[in-house]
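The structure under discussion appears below in the form of C-alpha cells.
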Amino acid sequence: MRFAELDAVTLDAFGTLLTLRAPVEALASLTGRDEAEVRRALEAEIAHYKPRSHDGRDPDSLALLRADCAAVFNETLGSSLSPVEFVGALEYEPLPGVTDSLAALQAQGLSLAVVANWDCALPEHLDRIGLGRFIATVVTSAEAGAPKPDPRPFLLALERLGVEPRRALHVGDSPEDEEGAAAAGLHFAHAPLTALL
C-alpha cells in the first residue's frame with residue numbers, strides 16, 4: 001500500500017501508540033507488596049477492564065468503571081488503594097519511534113485518527129504524552145457504543161475525517177483491529193507503526 005493511495009490512517013492505541021510505564025513497580029511501591037503478587041492483581045484488573053472499557057462513556061460512568069477496576073485489583077492483592085491512587089499509578093508513554101512516525105505520516109498529508117477499545121479518558125492520555133497534537137479525531141469504543149471488531153468505531157472516525165474506507169489504512173496489534181478494519185472496508189497493517197515508514 002502506497003501512501004499516495006491513502007487519505008487517512010487510523011491507529012489503535014495500546015500496543016500501537018502507547019504503553020504503560022512500569023505499572024508493576026509503581027503499584028508495588030504504592031502497596032508495599034511483592035511484584036509477582038502485584039502483577040497477578042494487575043492482570044486480573046486488566047481482564048476485568050478490557051471487556052468493559054466501553055462502559056466508561058462520561059465522567060460518572062468512568063468513575064464507576066475505575067472504582068470497579070480498583071476493587072478487582074484490591075480484592076486480588078488484598079490491598080486498599082482508592083480508585084484515584086490506583087489510576088494515578090498507571091502512567092502511559094509513547095512506544096519507541098511513535099512520535100517521529102506520526103510526524104512522518106502527517107508530513108505525507110495523511111489525516112490521522114485513533115480508533116481504540118478504551119474509555120472516554122483516552123484523549124486526555126494522548127494529550128498528556130504529546131501525541132494528541134498529531135491526531136485529528138479520537139474514537140473510543142465508549143463513544144461509539146461498541147468495541148472493535150465492530151465496524152462502528154472505524155466508520156465514525158472516517159465520517160469525521162471525511163474519508164472513504166477504501167482510502168484509509170488501520171494500524172493495530174490485535175485480531176480485533178484486523179477484523180474490525182476488514183468489516184469497515186479499511187486496509188490493515190500490523191503494528192509496530194515504525195514498520196510502515
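Chain labels run A, B, ... following the order of the C-alpha cells; each chain numbers its residues from 1, and ligands are numbered from 1 in the order shown.
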Sort by chain and increasing residue number a table of all residues of stretch 82-114 of chain A within 9 Å of stretch 17-32 of chain A, each with its closest pair of atoms and their distance in Å to one decimal, counting only C-alpha atoms, and write it as JSON lines.
{"residue": "A:Glu85", "atom": "CA", "partner": "A:Leu30", "partner_atom": "CA", "distance": 8.4}
{"residue": "A:Phe86", "atom": "CA", "partner": "A:Leu27", "partner_atom": "CA", "distance": 7.6}
{"residue": "A:Ala89", "atom": "CA", "partner": "A:Ala26", "partner_atom": "CA", "distance": 5.9}
{"residue": "A:Leu90", "atom": "CA", "partner": "A:Pro23", "partner_atom": "CA", "distance": 5.7}
{"residue": "A:Glu91", "atom": "CA", "partner": "A:Arg21", "partner_atom": "CA", "distance": 5.5}
{"residue": "A:Tyr92", "atom": "CA", "partner": "A:Leu20", "partner_atom": "CA", "distance": 4.4}
{"residue": "A:Glu93", "atom": "CA", "partner": "A:Leu18", "partner_atom": "CA", "distance": 5.5}
{"residue": "A:Pro94", "atom": "CA", "partner": "A:Leu18", "partner_atom": "CA", "distance": 4.2}
{"residue": "A:Leu95", "atom": "CA", "partner": "A:Leu18", "partner_atom": "CA", "distance": 4.9}
{"residue": "A:Pro96", "atom": "CA", "partner": "A:Leu18", "partner_atom": "CA", "distance": 8.7}
{"residue": "A:Val98", "atom": "CA", "partner": "A:Leu17", "partner_atom": "CA", "distance": 6.1}
{"residue": "A:Thr99", "atom": "CA", "partner": "A:Leu17", "partner_atom": "CA", "distance": 8.5}
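With only C-alpha atoms as the atoms that count, the minimum distance from A:Phe188 to the choices A:Phe14, A:Gln106, A:Leu81, A:Leu6 is reached by A:Leu6.
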Which residue of A:Pro192, A:Pro149, A:Gly88, A:Gly185 approaches A:Val171 most closely, using only C-alpha atoms: A:Pro192
Selected residue, from A:Asp127, A:Asp12, A:Glu164, A:Asp100, that lies nearest to A:Ala184 when counting only C-alpha atoms: A:Glu164
Proximity to A:Thr10 - best of A:Tyr49, A:Val115, A:Pro151, A:Thr194, only C-alpha atoms: A:Val115
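When only C-alpha atoms are used to compute distances to A:His54, the closest of the residues A:Pro165, A:Pro153, A:Gly130, A:Gly145 turns out to be A:Gly145.
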